[in-house]
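The next block is my_file-v1.txt, given as compact mmCIF, C-alpha atoms and all ligand atoms.
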# COMPACT_ATOMS: atom_id res chain seq x y z
CA MET A 606 -52.54 -57.86 -22.04
CA LYS A 607 -55.74 -56.47 -23.45
CA ALA A 608 -57.11 -53.56 -21.38
CA ILE A 609 -59.83 -50.94 -21.74
CA GLN A 610 -58.38 -47.50 -21.16
CA LEU A 611 -60.34 -44.31 -20.61
CA LEU A 612 -58.34 -41.75 -22.61
CA SER A 613 -60.53 -38.71 -21.93
CA PRO A 614 -64.23 -38.20 -21.03
CA ASN A 615 -66.42 -40.54 -23.13
CA VAL A 616 -63.41 -42.01 -24.98
CA LEU A 617 -62.63 -45.66 -24.24
CA ALA A 618 -60.10 -47.67 -26.25
CA VAL A 619 -59.05 -51.31 -26.37
CA ARG A 620 -55.26 -51.27 -25.84
CA ASP A 621 -52.37 -53.66 -25.36
CA ILE A 622 -50.50 -52.77 -22.17
CA PRO A 623 -47.95 -54.68 -20.03
CA ILE A 624 -49.28 -57.15 -17.44
CA PRO A 625 -48.75 -55.48 -14.04
CA GLU A 626 -46.23 -57.01 -11.60
CA PRO A 627 -47.46 -57.62 -8.05
CA GLY A 628 -45.21 -56.01 -5.42
CA ALA A 629 -44.90 -56.94 -1.74
CA GLY A 630 -48.33 -57.45 -0.19
CA GLU A 631 -50.00 -57.52 -3.62
CA VAL A 632 -51.59 -60.18 -5.82
CA LEU A 633 -52.13 -60.43 -9.56
CA ILE A 634 -55.69 -61.42 -10.47
CA LYS A 635 -56.75 -62.90 -13.80
CA VAL A 636 -60.10 -61.15 -14.20
CA ARG A 637 -63.27 -63.24 -14.69
CA ALA A 638 -66.11 -60.68 -14.55
CA VAL A 639 -66.52 -56.94 -13.95
CA GLY A 640 -69.74 -55.15 -13.00
CA ILE A 641 -70.36 -51.63 -14.31
CA CYS A 642 -71.87 -49.29 -11.71
CA GLY A 643 -72.94 -45.65 -11.57
CA THR A 644 -69.51 -44.57 -10.39
CA ASP A 645 -67.93 -46.06 -13.56
CA ILE A 646 -70.40 -44.10 -15.65
CA SER A 647 -69.64 -40.93 -13.69
CA ILE A 648 -65.88 -41.39 -14.33
CA TYR A 649 -66.57 -42.27 -17.98
CA LYS A 650 -68.52 -39.06 -18.52
CA GLY A 651 -65.79 -37.00 -16.84
CA ILE A 652 -68.05 -35.99 -13.92
CA SER A 653 -65.69 -37.74 -11.49
CA PRO A 654 -62.01 -37.01 -12.15
CA ALA A 655 -59.57 -39.76 -13.19
CA PRO A 656 -55.86 -39.87 -14.13
CA TYR A 657 -56.11 -40.45 -17.90
CA PRO A 658 -55.32 -42.85 -19.39
CA VAL A 659 -56.78 -45.23 -16.79
CA VAL A 660 -58.29 -48.71 -16.81
CA LEU A 661 -61.79 -48.54 -15.26
CA GLY A 662 -63.58 -51.29 -13.31
CA HIS A 663 -63.68 -51.59 -9.50
CA GLU A 664 -66.30 -54.32 -8.91
CA PHE A 665 -64.90 -57.66 -10.05
CA CYS A 666 -63.87 -61.23 -9.39
CA GLY A 667 -61.08 -63.44 -10.72
CA ASP A 668 -58.32 -65.94 -9.94
CA ILE A 669 -55.01 -65.22 -8.21
CA VAL A 670 -52.24 -66.11 -10.68
CA ALA A 671 -49.21 -64.48 -9.01
CA MET A 672 -48.36 -62.85 -5.71
CA GLY A 673 -45.67 -60.68 -4.15
CA ALA A 674 -43.87 -61.30 -0.87
CA GLY A 675 -45.67 -61.33 2.47
CA VAL A 676 -49.19 -62.30 1.36
CA GLU A 677 -50.88 -64.57 3.90
CA ASN A 678 -54.66 -64.10 3.75
CA VAL A 679 -55.12 -65.66 0.28
CA ARG A 680 -53.31 -68.31 -1.79
CA LEU A 681 -52.18 -68.78 -5.37
CA GLY A 682 -55.09 -70.16 -7.41
CA ASP A 683 -57.80 -68.75 -5.10
CA TYR A 684 -61.00 -67.49 -6.71
CA VAL A 685 -61.42 -64.03 -5.19
CA ILE A 686 -63.25 -60.72 -5.08
CA SER A 687 -61.68 -57.41 -4.11
CA GLU A 688 -63.01 -54.48 -2.14
CA ALA A 689 -63.47 -51.49 -4.47
CA SER A 690 -61.43 -48.93 -2.52
CA TRP A 691 -59.05 -48.88 0.39
CA GLY A 692 -57.54 -46.52 2.92
CA CYS A 693 -53.97 -45.17 3.01
CA GLY A 694 -53.44 -46.86 6.37
CA THR A 695 -51.67 -43.89 7.96
CA CYS A 696 -54.05 -40.87 8.09
CA HIS A 697 -56.06 -39.71 11.14
CA PHE A 698 -59.06 -41.91 10.22
CA CYS A 699 -57.17 -45.00 9.01
CA GLN A 700 -55.24 -45.04 12.28
CA ARG A 701 -58.58 -45.14 14.09
CA GLY A 702 -59.81 -48.10 12.00
CA LEU A 703 -62.11 -45.94 9.84
CA PRO A 704 -60.82 -46.43 6.27
CA SER A 705 -64.11 -45.17 4.78
CA TYR A 706 -63.16 -41.67 5.99
CA CYS A 707 -59.57 -41.90 4.69
CA MET A 708 -58.05 -38.55 3.68
CA LYS A 709 -56.17 -40.09 0.73
CA PRO A 710 -58.22 -43.15 -0.34
CA PHE A 711 -57.28 -45.46 -3.18
CA MET A 712 -59.75 -46.83 -5.70
CA TYR A 713 -59.47 -48.90 -8.86
CA GLY A 714 -60.17 -46.75 -11.91
CA ARG A 715 -59.71 -43.55 -9.86
CA THR A 716 -56.22 -43.65 -8.38
CA CYS A 717 -54.85 -46.73 -10.16
CA ASP A 718 -55.74 -49.12 -12.98
CA GLY A 719 -58.89 -51.19 -12.50
CA ALA A 720 -60.19 -54.54 -13.68
CA LEU A 721 -61.50 -53.95 -17.22
CA ALA A 722 -58.45 -55.85 -18.45
CA GLU A 723 -57.19 -59.41 -18.59
CA TYR A 724 -55.24 -58.90 -15.33
CA VAL A 725 -55.40 -56.48 -12.40
CA ARG A 726 -52.98 -55.87 -9.53
CA ALA A 727 -54.60 -55.75 -6.08
CA PRO A 728 -53.50 -55.16 -2.47
CA ALA A 729 -53.91 -58.61 -0.86
CA ARG A 730 -55.42 -57.17 2.35
CA ILE A 731 -58.63 -56.17 0.54
CA VAL A 732 -58.98 -59.44 -1.38
CA HIS A 733 -61.35 -62.20 -0.15
CA SER A 734 -61.64 -65.82 -1.30
CA VAL A 735 -65.01 -66.97 -2.64
CA SER A 736 -66.41 -70.46 -3.18
CA ARG A 737 -66.26 -71.51 -6.84
CA ALA A 738 -69.94 -72.38 -6.52
CA VAL A 739 -70.62 -68.64 -6.92
CA ASP A 740 -70.75 -67.88 -10.65
CA PRO A 741 -68.53 -64.93 -11.75
CA VAL A 742 -71.64 -63.13 -13.01
CA GLU A 743 -72.87 -63.14 -9.39
CA ALA A 744 -69.53 -62.74 -7.60
CA GLN A 745 -68.83 -59.41 -9.38
CA GLY A 746 -71.77 -57.98 -7.39
CA VAL A 747 -70.18 -58.39 -3.97
CA THR A 748 -69.37 -54.68 -3.57
CA ALA A 749 -73.02 -53.76 -4.09
CA VAL A 750 -74.04 -56.38 -1.53
CA ALA A 751 -71.46 -55.07 0.96
CA THR A 752 -72.53 -51.43 0.56
CA THR A 753 -76.24 -52.29 0.91
CA LEU A 754 -75.50 -54.49 3.95
CA ARG A 755 -73.76 -51.53 5.56
CA ALA A 756 -76.80 -49.33 4.80
CA ILE A 757 -79.05 -51.86 6.53
CA ARG A 758 -76.76 -51.81 9.57
CA ARG A 759 -76.65 -48.00 9.60
CA SER A 760 -80.46 -47.93 9.55
CA GLY A 761 -80.84 -50.06 12.69
CA LEU A 762 -83.69 -51.91 10.94
CA SER A 763 -84.95 -54.82 13.01
CA VAL A 764 -87.51 -57.63 13.03
CA GLY A 765 -91.09 -56.42 12.76
CA GLN A 766 -90.30 -52.90 11.58
CA SER A 767 -91.59 -51.58 8.29
CA ALA A 768 -89.33 -50.29 5.54
CA ALA A 769 -89.61 -48.48 2.23
CA VAL A 770 -87.03 -48.54 -0.54
CA LEU A 771 -87.26 -45.54 -2.88
CA GLY A 772 -85.88 -46.58 -6.27
CA PRO A 773 -85.91 -50.16 -7.64
CA GLY A 774 -82.46 -50.05 -9.24
CA TYR A 775 -79.67 -52.56 -8.69
CA THR A 776 -78.93 -51.46 -5.12
CA GLY A 777 -82.59 -50.71 -4.31
CA LEU A 778 -83.55 -54.28 -5.23
CA LEU A 779 -80.69 -55.58 -3.04
CA LEU A 780 -81.74 -53.33 -0.13
CA MET A 781 -85.29 -54.63 -0.42
CA GLN A 782 -84.12 -58.27 -0.24
CA LEU A 783 -81.82 -57.55 2.72
CA ALA A 784 -84.65 -55.72 4.53
CA LYS A 785 -86.80 -58.84 4.12
CA LEU A 786 -83.93 -61.08 5.29
CA SER A 787 -83.60 -58.83 8.37
CA GLY A 788 -87.15 -59.72 9.33
CA ALA A 789 -88.67 -56.36 8.44
CA GLY A 790 -92.22 -56.14 7.13
CA PRO A 791 -94.03 -54.85 5.33
CA VAL A 792 -91.29 -53.84 2.91
CA VAL A 793 -92.53 -51.39 0.29
CA VAL A 794 -90.71 -50.44 -2.92
CA THR A 795 -91.51 -47.25 -4.81
CA GLY A 796 -90.50 -46.29 -8.34
CA THR A 797 -91.70 -45.35 -11.80
CA ASN A 798 -90.67 -48.41 -13.81
CA GLU A 799 -93.44 -51.06 -13.73
CA GLU A 800 -91.14 -53.88 -14.88
CA ARG A 801 -88.76 -53.23 -12.00
CA LEU A 802 -91.61 -52.94 -9.50
CA GLN A 803 -92.80 -56.32 -10.75
CA LEU A 804 -89.28 -57.70 -10.20
CA ALA A 805 -89.35 -56.30 -6.65
CA ARG A 806 -92.58 -58.22 -5.97
CA THR A 807 -91.02 -61.38 -7.44
CA PHE A 808 -88.12 -61.00 -5.00
CA GLY A 809 -90.46 -60.65 -2.02
CA ALA A 810 -91.48 -56.98 -1.74
CA ASP A 811 -94.82 -56.91 0.11
CA ILE A 812 -96.17 -53.89 -1.75
CA THR A 813 -94.96 -51.72 -4.61
CA VAL A 814 -96.14 -48.18 -5.30
CA ASN A 815 -95.74 -46.32 -8.60
CA ILE A 816 -94.92 -42.70 -7.74
CA ARG A 817 -96.31 -41.54 -11.10
CA GLN A 818 -99.78 -42.26 -9.70
CA ASP A 819 -101.68 -39.64 -7.69
CA GLY A 820 -101.86 -40.27 -3.99
CA TRP A 821 -98.82 -42.57 -3.96
CA ALA A 822 -97.56 -41.15 -0.65
CA ASP A 823 -100.93 -41.86 1.02
CA LYS A 824 -100.85 -45.38 -0.39
CA LEU A 825 -97.38 -45.92 1.05
CA ILE A 826 -98.37 -44.59 4.48
CA GLU A 827 -101.58 -46.65 4.46
CA ALA A 828 -99.54 -49.77 3.64
CA THR A 829 -97.40 -49.20 6.75
CA ASP A 830 -100.12 -49.15 9.44
CA GLY A 831 -101.07 -45.57 8.61
CA PHE A 832 -97.91 -44.25 10.27
CA GLY A 833 -95.38 -44.50 7.44
CA PRO A 834 -92.31 -46.77 7.33
CA ASP A 835 -89.94 -47.00 10.30
CA VAL A 836 -87.01 -46.86 7.89
CA VAL A 837 -86.78 -45.28 4.44
CA PHE A 838 -83.89 -46.18 2.15
CA GLU A 839 -83.36 -43.49 -0.48
CA ALA A 840 -81.82 -45.51 -3.33
CA SER A 841 -82.86 -43.54 -6.40
CA GLY A 842 -80.24 -40.80 -6.33
CA ARG A 843 -82.94 -38.24 -7.18
CA PRO A 844 -82.56 -35.12 -5.01
CA ASP A 845 -86.33 -34.80 -4.48
CA ALA A 846 -86.55 -38.37 -3.15
CA LEU A 847 -84.88 -37.35 0.13
CA ALA A 848 -87.61 -34.74 0.67
CA GLN A 849 -90.20 -37.42 -0.14
CA GLY A 850 -88.58 -39.68 2.44
CA VAL A 851 -88.92 -36.98 5.10
CA ALA A 852 -92.59 -36.57 4.19
CA VAL A 853 -93.51 -40.26 4.45
CA VAL A 854 -91.25 -41.68 7.20
CA LYS A 855 -92.87 -42.58 10.52
CA LYS A 856 -92.41 -40.21 13.48
CA GLY A 857 -89.15 -41.17 15.17
CA GLY A 858 -88.08 -43.02 12.03
CA THR A 859 -84.82 -43.14 10.11
CA ILE A 860 -83.94 -42.20 6.55
CA VAL A 861 -80.82 -43.66 4.98
CA ALA A 862 -79.39 -41.38 2.28
CA PHE A 863 -77.94 -44.16 0.12
CA GLY A 864 -78.43 -42.88 -3.44
CA ILE A 865 -75.78 -40.45 -4.65
CA THR A 866 -77.39 -37.15 -5.59
CA GLY A 867 -75.35 -34.83 -7.74
CA SER A 868 -77.24 -31.71 -6.73
CA PRO A 869 -78.72 -30.06 -3.61
CA VAL A 870 -82.19 -31.07 -2.37
CA GLU A 871 -84.79 -28.40 -3.11
CA ASN A 872 -87.98 -27.92 -1.06
CA PHE A 873 -86.35 -29.72 1.85
CA ASP A 874 -88.44 -29.03 4.96
CA ALA A 875 -85.82 -29.22 7.71
CA GLY A 876 -88.51 -28.31 10.28
CA GLN A 877 -89.91 -31.82 9.82
CA LEU A 878 -86.71 -33.26 11.30
CA TYR A 879 -87.69 -31.58 14.58
CA LYS A 880 -91.44 -32.10 14.34
CA LYS A 881 -91.18 -35.79 13.46
CA ASP A 882 -88.02 -36.47 15.48
CA ILE A 883 -86.39 -38.02 12.40
CA SER A 884 -82.84 -39.27 11.93
CA ILE A 885 -81.13 -39.02 8.55
CA VAL A 886 -78.00 -41.10 8.16
CA GLY A 887 -75.60 -41.44 5.25
CA SER A 888 -73.96 -44.70 4.23
CA LYS A 889 -70.84 -44.75 2.08
CA GLY A 890 -68.99 -47.85 0.98
CA GLY A 891 -69.08 -51.39 2.28
CA TYR A 892 -66.10 -51.48 4.64
CA PHE A 893 -66.17 -54.41 7.08
CA GLU A 894 -69.17 -56.01 5.29
CA TYR A 895 -67.34 -57.79 2.46
CA GLY A 896 -66.94 -61.02 4.42
CA ASN A 897 -70.68 -61.05 5.20
CA ALA A 898 -71.50 -60.19 1.59
CA VAL A 899 -69.38 -63.12 0.33
CA ARG A 900 -71.21 -65.48 2.72
CA ALA A 901 -74.62 -64.13 1.61
CA LEU A 902 -73.69 -64.98 -1.99
CA GLU A 903 -72.22 -68.38 -1.07
CA ASN A 904 -75.35 -69.26 0.90
CA GLN A 905 -77.58 -68.13 -1.98
CA ARG A 906 -79.51 -65.71 0.23
CA LEU A 907 -80.06 -63.13 -2.50
CA HIS A 908 -81.38 -62.95 -6.04
CA THR A 909 -78.45 -61.31 -7.83
CA ARG A 910 -78.19 -63.26 -11.09
CA GLU A 911 -81.62 -62.04 -12.20
CA LEU A 912 -80.49 -58.44 -11.73
CA VAL A 913 -77.83 -58.80 -14.45
CA THR A 914 -79.67 -57.59 -17.53
CA ASN A 915 -76.75 -57.20 -19.97
CA ILE A 916 -73.54 -59.16 -20.53
CA PHE A 917 -70.68 -57.93 -22.75
CA GLN A 918 -67.27 -59.31 -23.72
CA LEU A 919 -64.11 -57.32 -22.86
CA GLU A 920 -63.57 -55.97 -26.41
CA GLU A 921 -67.19 -54.76 -26.42
CA THR A 922 -66.64 -52.53 -23.36
CA PRO A 923 -66.58 -49.17 -25.25
CA GLU A 924 -69.89 -50.14 -26.86
CA ALA A 925 -71.19 -51.33 -23.47
CA PHE A 926 -70.61 -47.92 -21.88
CA ARG A 927 -72.38 -46.17 -24.76
CA PHE A 928 -75.27 -48.63 -24.46
CA ILE A 929 -75.60 -48.22 -20.67
CA THR A 930 -75.59 -44.41 -20.81
CA SER A 931 -78.37 -44.34 -23.41
CA ASN A 932 -80.51 -47.19 -21.96
CA SER A 933 -80.57 -46.39 -18.24
CA ARG A 934 -84.21 -47.45 -17.83
CA SER A 935 -83.71 -50.97 -19.17
CA VAL A 936 -80.23 -51.75 -17.78
CA ILE A 937 -80.30 -52.83 -14.13
CA ARG A 938 -76.80 -54.31 -14.08
CA ALA A 939 -74.35 -54.72 -16.92
CA VAL A 940 -71.44 -57.12 -16.56
CA VAL A 941 -68.32 -57.54 -18.70
CA LEU A 942 -67.22 -61.19 -18.90
CA VAL A 943 -63.45 -61.23 -19.32
CA SER A 944 -62.57 -64.93 -19.06
ZN ZN B 1 -69.14 -49.22 -8.00
ZN ZN B 2 -56.16 -43.03 5.33

Take the structure I supplied and represent it as structure tokens, if you would.
Ligand SMILES: [Zn+2]
Ligand SMILES: [Zn+2]
Amino acid sequence: MKAIQLLSPNVLAVRDIPIPEPGAGEVLIKVRAVGICGTDISIYKGISPAPYPVVLGHEFCGDIVAMGAGVENVRLGDYVISEASWGCGTCHFCQRGLPSYCMKPFMYGRTCDGALAEYVRAPARIVHSVSRAVDPVEAQGVTAVATTLRAIRRSGLSVGQSAAVLGPGYTGLLLMQLAKLSGAGPVVVTGTNEERLQLARTFGADITVNIRQDGWADKLIEATDGFGPDVVFEASGRPDALAQGVAVVKKGGTIVAFGITGSPVENFDAGQLYKKDISIVGSKGGYFEYGNAVRALENQRLHTRELVTNIFQLEETPEAFRFITSNSRSVIRAVVLVS
């Protein structure tokens, strides 16, 4: 089969490799579409380690074309999505039903071959059937929906509360829509990219604030009854955004550290945690939310198709990665259509 292998940092090649054989408890998926996320880019650049050569791609959908013994939750021919990573099943945390804290986690493109290929082998227990009414270009986004759903749950956001999403990227624009669906309001989105802020308003954001403008923090606080938002979702990945969240969040409020920052937060005023009685919570992965994320897509509760800004064919993947890394301001979500 045709597969895209990462040979070393920044070196992707189109290769012919054998079609994997599904073992017991596994399925073979003919890949339809693969979304490229920040983690793929981090592995591509060599920032996150990977066992070269490796096939990248952990957010995808496709059809089950073969299965090993003992698979009961899905059937041959099912149109499916897969969770992006999974627990070992035997460590301290897995035994307590907490696979997100697994000591030896598995992930496509990190510990085994991923989906940027014609076929991918998957553990059946992390595979979920999806209605064929969901286009592959949308279904590939289920991991992002699951991880943002989990962030909403971690935040405790409820009807009538106000929320701010810092960073109108792919996940920020999903968080904003989920905050609205949760009954929160007003929901404010902050960022620097006017086109994306406009998109946020199109999807239902009550107010957007450009942080390049003076007095943006005051504008945000004013927009949320003068107290600041009850919940702040940090979705930009910029280290200084967490400090900004602490500065603007309402007293007693919650900040969800959702964006992945590669460096420590400078000028972080920890005294404010005490003075404002603030909670900061992290949110990693989308464990236990995939079923809900599939239903949200099936019920057309989210604008996800409009977030896909670039579509590539499988053979174009090396070019796609080069394009994404040099056009980060214009690419919201890039998808590789495989079949
Ligand atoms: Zn990802
Ligand atoms: Zn484990």

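Among A:Ala925, A:Val940, A:Ala768, A:Ala789, the residue with the shortest atom-to-atom distance to A:Leu617, counting only C-alpha atoms, is A:Ala925.
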
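Across A:Phe808, A:Tyr892, A:Phe838, A:Phe873, the tightest approach to A:Ser690 is made by A:Tyr892 when counting all atoms listed in the file.
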
Inset, instruction - Just give me the gap between atom CA of A:Val679 and atom CA of A:Val732 in Å, one decimal is fine. - result: 7.5 Å

Legend entry - Residue among A:Ala939, A:Arg843, A:Leu681, A:Phe711 lying closest to A:Thr922, counting all atoms listed in the file: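 Among the listed residues, the smallest separation from A:Thr922 belongs to A:Ala939.
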
Inset, instruction - Kindly extract all protein, DNA and RNA residues lying within 12 Å of the coordinates (-86.8, -43.9, -5.1) given in the file, considering only C-alpha atoms, and supply them as an MDAnalysis selection string. - result: chainID A and resid 769:778 780:781 793:798 801:802 813:817 822 837:850 861:866

Could you give me, as a Markdown table, a per-residue list for chain A showing, wherever an atom lies at most 6 Å from an atom of ligand ZN 2 (chain B), the closest pair of atoms and their distance in Å to one decimal, using only C-alpha atoms and all ligand atoms and sorting by chain then residue number from low to high?
| residue | atom | partner | partner_atom | distance |
| --- | --- | --- | --- | --- |
| A:Gly692 | CA | B:ZN2 | ZN | 4.5 |
| A:Cys693 | CA | B:ZN2 | ZN | 3.8 |
| A:Gly694 | CA | B:ZN2 | ZN | 4.8 |
| A:Thr695 | CA | B:ZN2 | ZN | 5.3 |
| A:Cys696 | CA | B:ZN2 | ZN | 4.1 |
| A:Phe698 | CA | B:ZN2 | ZN | 5.8 |
| A:Cys699 | CA | B:ZN2 | ZN | 4.3 |
| A:Pro704 | CA | B:ZN2 | ZN | 5.8 |
| A:Cys707 | CA | B:ZN2 | ZN | 3.6 |
| A:Met708 | CA | B:ZN2 | ZN | 5.1 |
| A:Lys709 | CA | B:ZN2 | ZN | 5.5 |
